[in-house]
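J.: Enclosed is the structure file data-v4.txt (compact mmCIF, C-alpha atoms and all ligand atoms).
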```
# COMPACT_ATOMS: atom_id res chain seq x y z
CA MET A 1 -20.62 50.97 134.58
CA ASN A 2 -21.05 52.88 131.25
CA GLY A 3 -23.44 55.26 133.00
CA GLN A 4 -25.79 52.31 133.45
CA VAL A 5 -26.67 50.54 136.69
CA LYS A 6 -27.12 46.80 136.14
CA LEU A 7 -28.60 45.09 139.17
CA LEU A 8 -29.46 41.51 140.03
CA ALA A 9 -32.10 41.26 142.78
CA ILE A 10 -32.92 38.20 144.87
CA GLU A 11 -36.02 37.62 147.02
CA SER A 12 -36.38 34.58 149.28
CA SER A 13 -38.16 35.80 152.43
CA CYS A 14 -41.03 33.32 152.50
CA ASP A 15 -42.15 30.67 150.01
CA ASP A 16 -41.31 32.25 146.65
CA THR A 17 -37.82 32.17 145.16
CA SER A 18 -37.44 35.13 142.84
CA ALA A 19 -34.70 36.83 140.82
CA ALA A 20 -34.91 39.98 138.72
CA VAL A 21 -32.54 42.02 136.56
CA LEU A 22 -32.91 45.79 136.38
CA ILE A 23 -31.03 48.30 134.26
CA ASN A 24 -31.31 51.89 135.49
CA GLY A 25 -34.38 50.90 137.50
CA LYS A 26 -36.18 49.30 134.52
CA VAL A 27 -37.17 45.67 134.99
CA LEU A 28 -35.74 43.42 132.27
CA SER A 29 -36.72 40.14 133.89
CA ASN A 30 -38.57 39.01 137.01
CA ARG A 31 -38.72 35.25 137.55
CA VAL A 32 -40.70 33.74 140.43
CA ALA A 33 -40.69 30.07 141.43
CA GLY A 34 -43.51 29.21 143.83
CA GLN A 35 -43.45 26.25 146.22
CA ASP A 36 -46.21 23.66 146.03
CA VAL A 37 -44.75 21.59 148.89
CA HIS A 38 -46.76 23.56 151.49
CA ARG A 39 -50.21 22.83 150.03
CA ASP A 40 -50.82 19.69 152.09
CA TYR A 41 -49.89 21.40 155.37
CA GLY A 42 -52.30 24.34 155.39
CA GLY A 43 -49.47 26.88 155.68
CA VAL A 44 -45.79 27.48 154.92
CA VAL A 45 -43.49 24.94 156.58
CA PRO A 46 -40.22 26.88 157.17
CA GLU A 47 -37.87 23.89 156.85
CA LEU A 48 -39.47 22.82 153.55
CA ALA A 49 -39.35 26.42 152.30
CA SER A 50 -35.58 26.66 152.89
CA ARG A 51 -34.99 23.39 151.05
CA ALA A 52 -37.12 24.46 148.10
CA HIS A 53 -35.25 27.81 147.92
CA GLN A 54 -32.00 25.84 147.69
CA GLN A 55 -33.35 23.83 144.79
CA HIS A 56 -34.77 26.86 142.97
CA ILE A 57 -32.25 29.62 143.46
CA VAL A 58 -29.60 28.62 140.92
CA PRO A 59 -32.01 27.98 138.00
CA VAL A 60 -34.16 31.04 138.86
CA VAL A 61 -31.15 33.39 138.88
CA ALA A 62 -29.75 31.82 135.70
CA THR A 63 -33.10 32.22 133.90
CA ALA A 64 -33.50 35.84 135.05
CA LEU A 65 -30.03 36.72 133.71
CA LYS A 66 -30.66 34.86 130.45
CA GLU A 67 -34.03 36.49 129.90
CA ALA A 68 -32.50 39.93 130.48
CA GLY A 69 -29.66 39.09 128.06
CA ILE A 70 -27.04 39.96 130.69
CA ALA A 71 -23.97 38.00 131.77
CA ALA A 72 -23.25 37.83 135.50
CA SER A 73 -19.89 39.50 134.78
CA GLU A 74 -21.70 42.66 133.59
CA LEU A 75 -23.53 43.19 136.90
CA ASP A 76 -22.75 46.25 139.04
CA ALA A 77 -24.35 45.09 142.29
CA ILE A 78 -26.60 42.47 143.87
CA ALA A 79 -29.64 43.45 145.93
CA TYR A 80 -31.16 40.86 148.24
CA THR A 81 -33.89 40.65 150.88
CA ARG A 82 -32.28 40.96 154.31
CA GLY A 83 -35.60 40.68 156.20
CA PRO A 84 -38.20 40.42 157.59
CA GLY A 85 -39.11 36.84 156.78
CA LEU A 86 -38.38 33.22 157.63
CA MET A 87 -34.77 32.95 158.83
CA GLY A 88 -33.94 29.77 156.90
CA SER A 89 -35.40 31.18 153.69
CA LEU A 90 -33.59 34.51 154.11
CA LEU A 91 -30.31 32.66 154.75
CA VAL A 92 -30.53 30.86 151.39
CA GLY A 93 -31.06 34.08 149.40
CA SER A 94 -28.59 36.19 151.35
CA SER A 95 -25.84 33.54 151.32
CA PHE A 96 -26.29 33.06 147.58
CA ALA A 97 -26.18 36.85 147.01
CA LYS A 98 -23.06 37.18 149.15
CA GLY A 99 -21.27 34.32 147.43
CA LEU A 100 -22.01 35.66 143.96
CA ALA A 101 -21.09 39.24 144.92
CA VAL A 102 -17.72 38.10 146.34
CA SER A 103 -16.95 36.03 143.26
CA LEU A 104 -17.80 38.96 140.95
CA GLY A 105 -16.14 41.58 143.19
CA ILE A 106 -19.26 43.78 143.26
CA PRO A 107 -21.21 45.39 146.13
CA LEU A 108 -24.19 43.96 147.98
CA ILE A 109 -27.35 45.92 148.72
CA PRO A 110 -29.44 44.59 151.62
CA VAL A 111 -33.12 45.48 151.19
CA ASP A 112 -36.05 45.56 153.62
CA HIS A 113 -38.86 43.38 152.24
CA MET A 114 -41.66 45.64 153.54
CA ASP A 115 -40.09 48.82 152.12
CA ALA A 116 -39.76 46.95 148.83
CA HIS A 117 -43.51 46.17 148.70
CA VAL A 118 -44.16 49.94 148.94
CA LEU A 119 -41.42 50.92 146.50
CA ALA A 120 -42.86 48.53 143.88
CA HIS A 121 -45.02 51.57 143.06
CA PHE A 122 -41.93 53.24 141.62
CA ILE A 123 -41.20 50.53 139.04
CA ASP A 124 -43.62 51.75 136.36
CA GLU A 125 -45.08 55.18 135.57
CA PRO A 126 -47.07 56.96 136.84
CA HIS A 127 -45.29 57.12 140.21
CA PRO A 128 -46.99 58.45 143.32
CA SER A 129 -45.89 61.94 144.42
CA PHE A 130 -44.79 62.61 148.00
CA PRO A 131 -46.03 62.35 150.65
CA PHE A 132 -47.58 59.02 149.68
CA LEU A 133 -49.78 56.91 151.98
CA CYS A 134 -49.51 53.17 151.36
CA LEU A 135 -51.43 50.31 152.97
CA VAL A 136 -49.15 47.26 152.90
CA VAL A 137 -51.11 44.06 153.30
CA SER A 138 -49.32 40.74 153.01
CA GLY A 139 -49.34 37.28 154.53
CA GLY A 140 -47.04 38.33 157.35
CA HIS A 141 -47.67 42.06 157.78
CA THR A 142 -50.29 44.79 157.78
CA GLN A 143 -48.85 48.28 157.87
CA LEU A 144 -49.93 51.79 157.08
CA VAL A 145 -46.85 53.56 155.76
CA LYS A 146 -46.25 57.27 155.23
CA VAL A 147 -43.67 57.68 152.49
CA GLN A 148 -41.84 61.01 152.56
CA ASP A 149 -39.42 60.01 149.80
CA VAL A 150 -37.98 56.70 148.54
CA HIS A 151 -35.58 56.60 151.51
CA THR A 152 -37.94 57.79 154.25
CA LEU A 153 -40.74 55.34 155.04
CA GLU A 154 -42.54 55.69 158.36
CA ILE A 155 -44.85 52.99 159.70
CA ILE A 156 -47.78 54.86 161.28
CA GLY A 157 -50.08 51.85 161.84
CA ARG A 158 -49.63 48.11 162.21
CA THR A 159 -51.42 44.95 163.33
CA GLY A 160 -50.96 43.73 166.87
CA ASP A 161 -51.72 40.12 165.96
CA ASP A 162 -52.60 38.48 162.62
CA ALA A 163 -51.84 40.13 159.29
CA ALA A 164 -54.61 40.81 156.75
CA GLY A 165 -53.36 37.95 154.53
CA GLU A 166 -53.37 35.62 157.54
CA ALA A 167 -56.95 36.72 158.30
CA PHE A 168 -57.90 35.70 154.75
CA ASP A 169 -55.93 32.43 154.94
CA LYS A 170 -57.18 31.44 158.41
CA SER A 171 -60.80 32.25 157.51
CA ALA A 172 -60.40 30.14 154.37
CA LYS A 173 -59.07 27.29 156.49
CA LEU A 174 -62.16 27.50 158.73
CA LEU A 175 -64.23 27.15 155.54
CA GLY A 176 -62.22 24.04 154.60
CA LEU A 177 -60.39 25.73 151.71
CA PRO A 178 -56.72 24.91 150.96
CA TYR A 179 -53.73 27.21 151.60
CA PRO A 180 -53.29 29.99 150.57
CA GLY A 181 -56.99 30.72 150.89
CA GLY A 182 -56.90 34.47 150.15
CA PRO A 183 -57.17 34.13 146.36
CA LEU A 184 -59.92 31.46 146.75
CA ILE A 185 -62.02 33.70 149.00
CA ASP A 186 -61.64 36.41 146.34
CA GLU A 187 -62.84 33.97 143.67
CA TYR A 188 -65.87 32.55 145.56
CA ALA A 189 -66.84 36.02 146.79
CA ARG A 190 -67.58 37.16 143.23
CA ASN A 191 -70.92 35.31 143.28
CA GLY A 192 -71.78 36.04 146.91
CA ASN A 193 -73.64 38.65 148.93
CA PRO A 194 -71.17 40.72 151.01
CA LEU A 195 -73.92 41.71 153.46
CA ALA A 196 -75.26 38.17 154.04
CA PHE A 197 -73.39 37.72 157.34
CA ARG A 198 -71.86 40.17 159.81
CA PHE A 199 -68.59 39.59 161.66
CA ASN A 200 -66.99 41.71 164.38
CA THR A 201 -63.76 43.66 164.03
CA SER A 202 -61.85 45.35 166.84
CA ARG A 203 -61.45 49.12 167.19
CA MET A 204 -57.80 49.91 167.79
CA PRO A 205 -56.04 53.13 168.81
CA GLY A 206 -54.46 55.37 166.15
CA TYR A 207 -54.03 53.62 162.82
CA ASP A 208 -53.47 50.12 164.28
CA TYR A 209 -55.29 46.92 163.38
CA SER A 210 -56.24 43.66 165.11
CA PHE A 211 -57.63 40.61 163.34
CA SER A 212 -57.84 38.08 166.17
CA GLY A 213 -61.40 39.14 167.14
CA LEU A 214 -62.61 38.61 163.59
CA LYS A 215 -61.11 35.12 163.50
CA THR A 216 -62.88 34.21 166.77
CA SER A 217 -66.14 35.73 165.55
CA ILE A 218 -66.01 33.58 162.37
CA LEU A 219 -65.00 30.46 164.31
CA TYR A 220 -67.94 30.66 166.75
CA PHE A 221 -70.43 31.66 164.07
CA LEU A 222 -69.50 28.64 161.93
CA ARG A 223 -69.54 26.30 164.93
CA ASP A 224 -73.08 27.39 165.87
CA GLU A 225 -74.42 27.26 162.32
CA LYS A 226 -72.85 23.85 161.60
CA ALA A 227 -74.50 22.49 164.77
CA LYS A 228 -77.88 23.47 163.27
CA ASN A 229 -77.06 22.47 159.69
CA PRO A 230 -73.98 20.32 158.93
CA ALA A 231 -74.08 21.47 155.26
CA PHE A 232 -74.09 25.17 156.24
CA ILE A 233 -70.66 26.01 154.78
CA ALA A 234 -71.22 24.20 151.49
CA GLU A 235 -74.66 25.79 151.07
CA ASN A 236 -73.42 29.31 151.85
CA LEU A 237 -69.81 29.29 150.64
CA HIS A 238 -70.14 32.23 148.24
CA ASP A 239 -71.98 34.43 150.73
CA LEU A 240 -69.55 33.50 153.50
CA CYS A 241 -66.53 34.39 151.34
CA ALA A 242 -68.11 37.65 150.19
CA SER A 243 -69.01 38.64 153.76
CA ILE A 244 -65.56 37.79 155.17
CA GLN A 245 -63.84 39.65 152.33
CA TYR A 246 -66.15 42.66 152.80
CA THR A 247 -65.40 42.76 156.55
CA ILE A 248 -61.61 42.56 156.13
CA VAL A 249 -61.43 45.07 153.27
CA GLU A 250 -63.76 47.68 154.80
CA TYR A 251 -61.85 47.38 158.10
CA LEU A 252 -58.52 47.88 156.30
CA LEU A 253 -59.82 50.93 154.45
CA GLN A 254 -61.13 52.71 157.58
CA ASN A 255 -57.64 53.65 158.78
CA LEU A 256 -56.55 54.63 155.29
CA VAL A 257 -59.40 57.15 155.09
CA LYS A 258 -58.70 58.37 158.64
CA ALA A 259 -54.96 58.82 158.00
CA SER A 260 -55.54 60.54 154.66
CA GLU A 261 -57.91 63.03 156.29
CA GLU A 262 -55.82 63.64 159.39
CA LEU A 263 -52.50 63.94 157.56
CA GLY A 264 -53.89 65.68 154.49
CA ILE A 265 -52.41 63.13 152.04
CA GLN A 266 -54.16 62.59 148.69
CA GLU A 267 -51.64 60.19 147.10
CA VAL A 268 -52.90 56.80 148.28
CA GLY A 269 -51.98 53.22 147.35
CA ILE A 270 -51.98 49.59 148.42
CA ALA A 271 -49.21 46.98 148.24
CA GLY A 272 -48.40 43.38 149.22
CA GLY A 273 -50.06 40.07 148.40
CA VAL A 274 -53.55 41.09 149.56
CA SER A 275 -53.44 44.12 147.20
CA ALA A 276 -54.20 41.54 144.48
CA ASN A 277 -57.68 41.20 146.03
CA SER A 278 -60.26 42.32 143.48
CA TYR A 279 -62.70 43.82 146.01
CA LEU A 280 -59.94 45.81 147.75
CA ARG A 281 -58.77 47.14 144.38
CA LYS A 282 -62.31 48.09 143.36
CA ARG A 283 -63.05 49.79 146.68
CA LEU A 284 -59.80 51.76 146.62
CA GLU A 285 -60.70 53.14 143.20
CA GLU A 286 -64.24 54.01 144.36
CA LEU A 287 -62.98 55.67 147.55
CA GLY A 288 -60.37 57.54 145.52
CA LYS A 289 -63.10 59.14 143.43
CA GLU A 290 -65.13 60.02 146.54
CA MET A 291 -62.16 61.42 148.47
CA GLY A 292 -60.35 63.10 145.57
CA TRP A 293 -57.31 60.83 145.90
CA ASN A 294 -54.84 59.84 143.23
CA THR A 295 -54.88 56.06 143.75
CA TYR A 296 -52.11 53.57 143.00
CA LEU A 297 -52.73 49.85 142.49
CA PRO A 298 -49.67 47.71 141.89
CA ASP A 299 -49.49 45.59 138.76
CA PHE A 300 -50.45 41.99 139.70
CA ARG A 301 -46.85 40.86 139.06
CA TYR A 302 -45.70 43.19 141.83
CA CYS A 303 -48.37 42.47 144.47
CA THR A 304 -47.19 39.11 145.77
CA ASP A 305 -43.53 38.49 146.57
CA ASN A 306 -41.18 39.21 143.68
CA ALA A 307 -37.57 40.27 143.15
CA ALA A 308 -38.40 43.25 140.91
CA MET A 309 -39.51 45.20 144.00
CA ILE A 310 -36.25 44.25 145.75
CA GLY A 311 -34.46 45.47 142.62
CA ILE A 312 -36.12 48.91 142.53
CA SER A 313 -35.47 49.35 146.25
CA GLY A 314 -31.86 48.25 145.73
CA HIS A 315 -31.53 50.63 142.80
CA PHE A 316 -32.49 53.65 144.95
CA ARG A 317 -30.12 52.53 147.70
CA PHE A 318 -27.29 51.95 145.24
CA LEU A 319 -27.71 55.48 143.83
CA ALA A 320 -27.57 56.80 147.41
CA GLY A 321 -24.32 54.86 148.00
CA GLU A 322 -25.98 52.61 150.59
CA THR A 323 -24.22 49.31 150.04
CA GLY A 324 -23.95 46.55 152.64
CA GLU A 325 -21.33 44.31 154.20
CA LEU A 326 -20.69 40.58 154.08
CA SER A 327 -21.22 40.59 157.83
CA ASP A 328 -24.84 41.89 157.51
CA ARG A 329 -27.04 39.22 159.05
CA PRO A 330 -30.62 38.53 157.89
CA PHE A 331 -33.35 39.56 160.35
CA ALA A 332 -36.62 37.70 160.86
CA ARG A 333 -38.53 40.64 162.35
CA GLN A 334 -38.52 44.36 161.82
CA SER A 335 -36.99 46.25 164.74
O1 LIG B 1 -46.87 39.57 149.95
P1 LIG B 1 -47.13 38.09 149.89
O2 LIG B 1 -46.95 37.40 148.57
O3 LIG B 1 -46.23 37.32 150.89
C1 LIG B 1 -45.87 37.81 152.13
O4 LIG B 1 -44.91 38.64 152.19
O5 LIG B 1 -46.57 37.42 153.08
O6 LIG B 1 -48.63 37.88 150.43
C2 LIG B 1 -49.23 36.61 150.50
C3 LIG B 1 -50.64 36.77 151.07
C4 LIG B 1 -51.33 35.46 151.40
O7 LIG B 1 -51.89 35.57 152.70
C5 LIG B 1 -52.43 35.34 150.34
O8 LIG B 1 -53.57 34.64 150.78
C6 LIG B 1 -52.74 36.80 150.10
O9 LIG B 1 -51.48 37.44 150.10
N1 LIG B 1 -53.42 37.00 148.81
C7 LIG B 1 -54.72 37.38 148.69
C8 LIG B 1 -55.00 37.43 147.30
N2 LIG B 1 -53.86 37.09 146.61
C9 LIG B 1 -52.90 36.84 147.56
N3 LIG B 1 -55.64 37.67 149.63
C10 LIG B 1 -56.86 38.02 149.19
N4 LIG B 1 -57.21 38.09 147.89
C11 LIG B 1 -56.33 37.80 146.91
N5 LIG B 1 -56.67 37.88 145.63
ZN ZN B 2 -44.26 40.09 150.93
```
What would the structure in this file look like if it were written as structure tokens?
Ligand code: KG4
Ligand code: ZN

T.:
Amino acid sequence: MNGQVKLLAIESSCDDTSAAVLINGKVLSNRVAGQDVHRDYGGVVPELASRAHQQHIVPVVATALKEAGIAASELDAIAYTRGPGLMGSLLVGSSFAKGLAVSLGIPLIPVDHMDAHVLAHFIDEPHPSFPFLCLVVSGGHTQLVKVQDVHTLEIIGRTGDDAAGEAFDKSAKLLGLPYPGGPLIDEYARNGNPLAFRFNTSRMPGYDYSFSGLKTSILYFLRDEKAKNPAFIAENLHDLCASIQYTIVEYLLQNLVKASEELGIQEVGIAGGVSANSYLRKRLEELGKEMGWNTYLPDFRYCTDNAAMIGISGHFRFLAGETGELSDRPFARQS
């Protein structure tokens, strides 16, 4: 090992195939191959995702190793996403990781995808101190996580139905925008009035969330307005996007403020695909100043799914001696 830890990390939980190489926790390469095949379907089609992972995984891993200037034979371990995610997609990444680890005679490190989104904050300086409160908002999950240290992550709030990313994507679909609609809502919202329209959100106990009421509220509002004016969406697209984005982001931030106050935590961050949202990023910074928080926004490369975050998570686990077994099976849902 020469005192160095050389890790290959593989992420394949949803519709991005990614491979990264890390030496001593520093990212040397982080390749991501997206999948355009889902565009026409308005969402990720699991079977197509698995097939695309199979096409992408060999070239993506080869490019990540080449870019890092590392031969596979120099690797000390392989970290991979064990779950949660789409089973077929996880099987491609985990089987590839297992095969390569066996052939190289090196250990495997199974990594939890949601933990990895949070731990992406420990890739570059400055790192959050502990305890750290992180709002993880992705296409599949919405969680408020209390991080005691890099091995102790406690989910203190979660959504009972749709995730924040899904709320963005489904709202975008109602507006006739293509998948994934989150980034498009962000874009159109820049020239819109966030207070033009009001939509309902549901009050939930503790630090939990629910987005199904919002979806219904948008659906009925659009149906009624379109009945009066068939061009309503086209004429109000920017205001609609700004108002939807405002509603989702302010709703997300309520529990973050509540948890910070109740738990006395001043180290506060966001993670996951939706943390790329420009309004959420701006509001977190503003709130941070108001509340006296140290705020942490992930680099755009580490917001949406990527293998670098699997790598940093794997690095911490490797140092703690937490390696996995060939018999470890991927899991679609968190237990
Ligand atoms: O973390 P991620 O890449 O994949 C999952 O693990 O789900 O998150 C993808 C989600 C999608 O729902 C996408 O619409 C959303 O992140 N997203 C955004 C933005 N960029 C990505 N939502 C709002 N604004 C954005 N700028
Ligand atoms: Zn993710």

J.: When distances are computed from all atoms listed in the file, which of A:Gln254, A:Ser50, A:Thr216, A:Thr323 shows the smallest separation from Ile106 of chain A?

T.: A:Thr323

J.: Give the answer as one residue: which of A:Val60, A:Leu287, A:Leu28, A:Ala167 has the shortest atom-to-atom distance to ligand LIG 1 (chain B), using all atoms listed in the file?

T.: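 Nearest to ligand LIG 1 (chain B): A:Ala167.
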
J.: Collect all residues with atoms no farther than 7 Å from ligand LIG 1 (chain B), counting only C-alpha atoms and all ligand atoms, and output them as a PyMOL selection string.

T.: chain A and resi 14+138-141+165-166+168-169+180-183+185-186+272-278+303-305

J.: Just give me the gap between atom CA of Ser12 of chain A and atom CA of His53 of chain A in Å, one decimal is fine.

T.: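 Those two atoms sit 7.0 Å apart.
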
J.: Name all residues at most 12 Å from Glu125 of chain A (count only C-alpha atoms; drop same-chain ones fewer than 5 positions away) and give them as a PyMOL selection string.

T.: chain A and resi 25-26+120+296-299

J.: Pick the closest to ligand ZN 2 (chain B) from A:Val150, A:Ala116, A:Leu284, A:Ala234: which is it, counting only C-alpha atoms and all ligand atoms?

T.: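 Ranking A:Val150, A:Ala116, A:Leu284, A:Ala234 by distance to ligand ZN 2 (chain B), first place goes to A:Ala116.
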
J.: Would you compute the distance between atom CA of Asp112 of chain A and atom CA of Gly324 of chain A? Give it in Å to one decimal.

T.: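 Between these atoms lies a distance of 12.2 Å.
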
J.: Please compute the atom CA of Asn30 of chain A-atom CA of Asn306 of chain A distance, one decimal, in Å.

T.: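 For atom CA of Asn30 of chain A relative to atom CA of Asn306 of chain A, the distance reads 7.2 Å.
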
J.: Calculated over all atoms listed in the file, which of the candidates A:Val257, A:Val27, A:Val136, A:Val111 has the smallest distance to ligand ZN 2 (chain B)?

T.: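 Among the listed residues, the smallest separation from ligand ZN 2 (chain B) belongs to A:Val136.
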
J.: Return the single residue from A:His113, A:Gly88, A:Ser95, A:Ala33 that is closest to ligand ZN 2 (chain B), with distances computed using all atoms listed in the file.

T.: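 For ligand ZN 2 (chain B), the nearest of the given residues is A:His113.
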
J.: For each of A:Arg190, A:Asn24, A:Gly269, A:Asp76, take the minimum atom-to-atom distance to His127 of chain A, counting only C-alpha atoms, then give the residue where this is smallest.

T.: A:Gly269

J.: Could you name the residues that touch Arg329 of chain A at 10 Å or less, counting all atoms listed in the file, but leaving out those on the same chain fewer than 6 positions away, as a list in words?

T.: Arg82, Gly83, Met87, Leu90, Leu91, Ser94, Ser95 and Pro110 of chain A

J.: Fewer than 6 positions away in the same chain doesn't count, so skip those; otherwise give me all residues within 12 Å of Tyr207 of chain A, counting only C-alpha atoms, as a list in words.

T.: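 Non-adjacent residues within range: Leu135, Thr142, Gln143, Leu144, Val145, Lys146, Ile155, Ile156, Gly157, Arg158, Thr159, Gly160, Tyr251, Leu252, Leu253, Gln254, Asn255, Leu256, Val257, Lys258, Ala259, Ser260, Glu262 and Leu263 of chain A.
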
J.: Show me, as a PyMOL selection string, the residues that have an atom within 12 Å of Gly42 of chain A when counting all atoms listed in the file, minus same-chain residues fewer than 5 positions from it.

T.: chain A and resi 36-37+166+169-174+176-181

J.: Skipping near chain neighbours, those fewer than 2 positions away, what residues fall within 8 Å of Gln35 of chain A using all atoms listed in the file, listed as a ChimeraX atom specification?

T.: /A:15-16,33,37-38,49,52
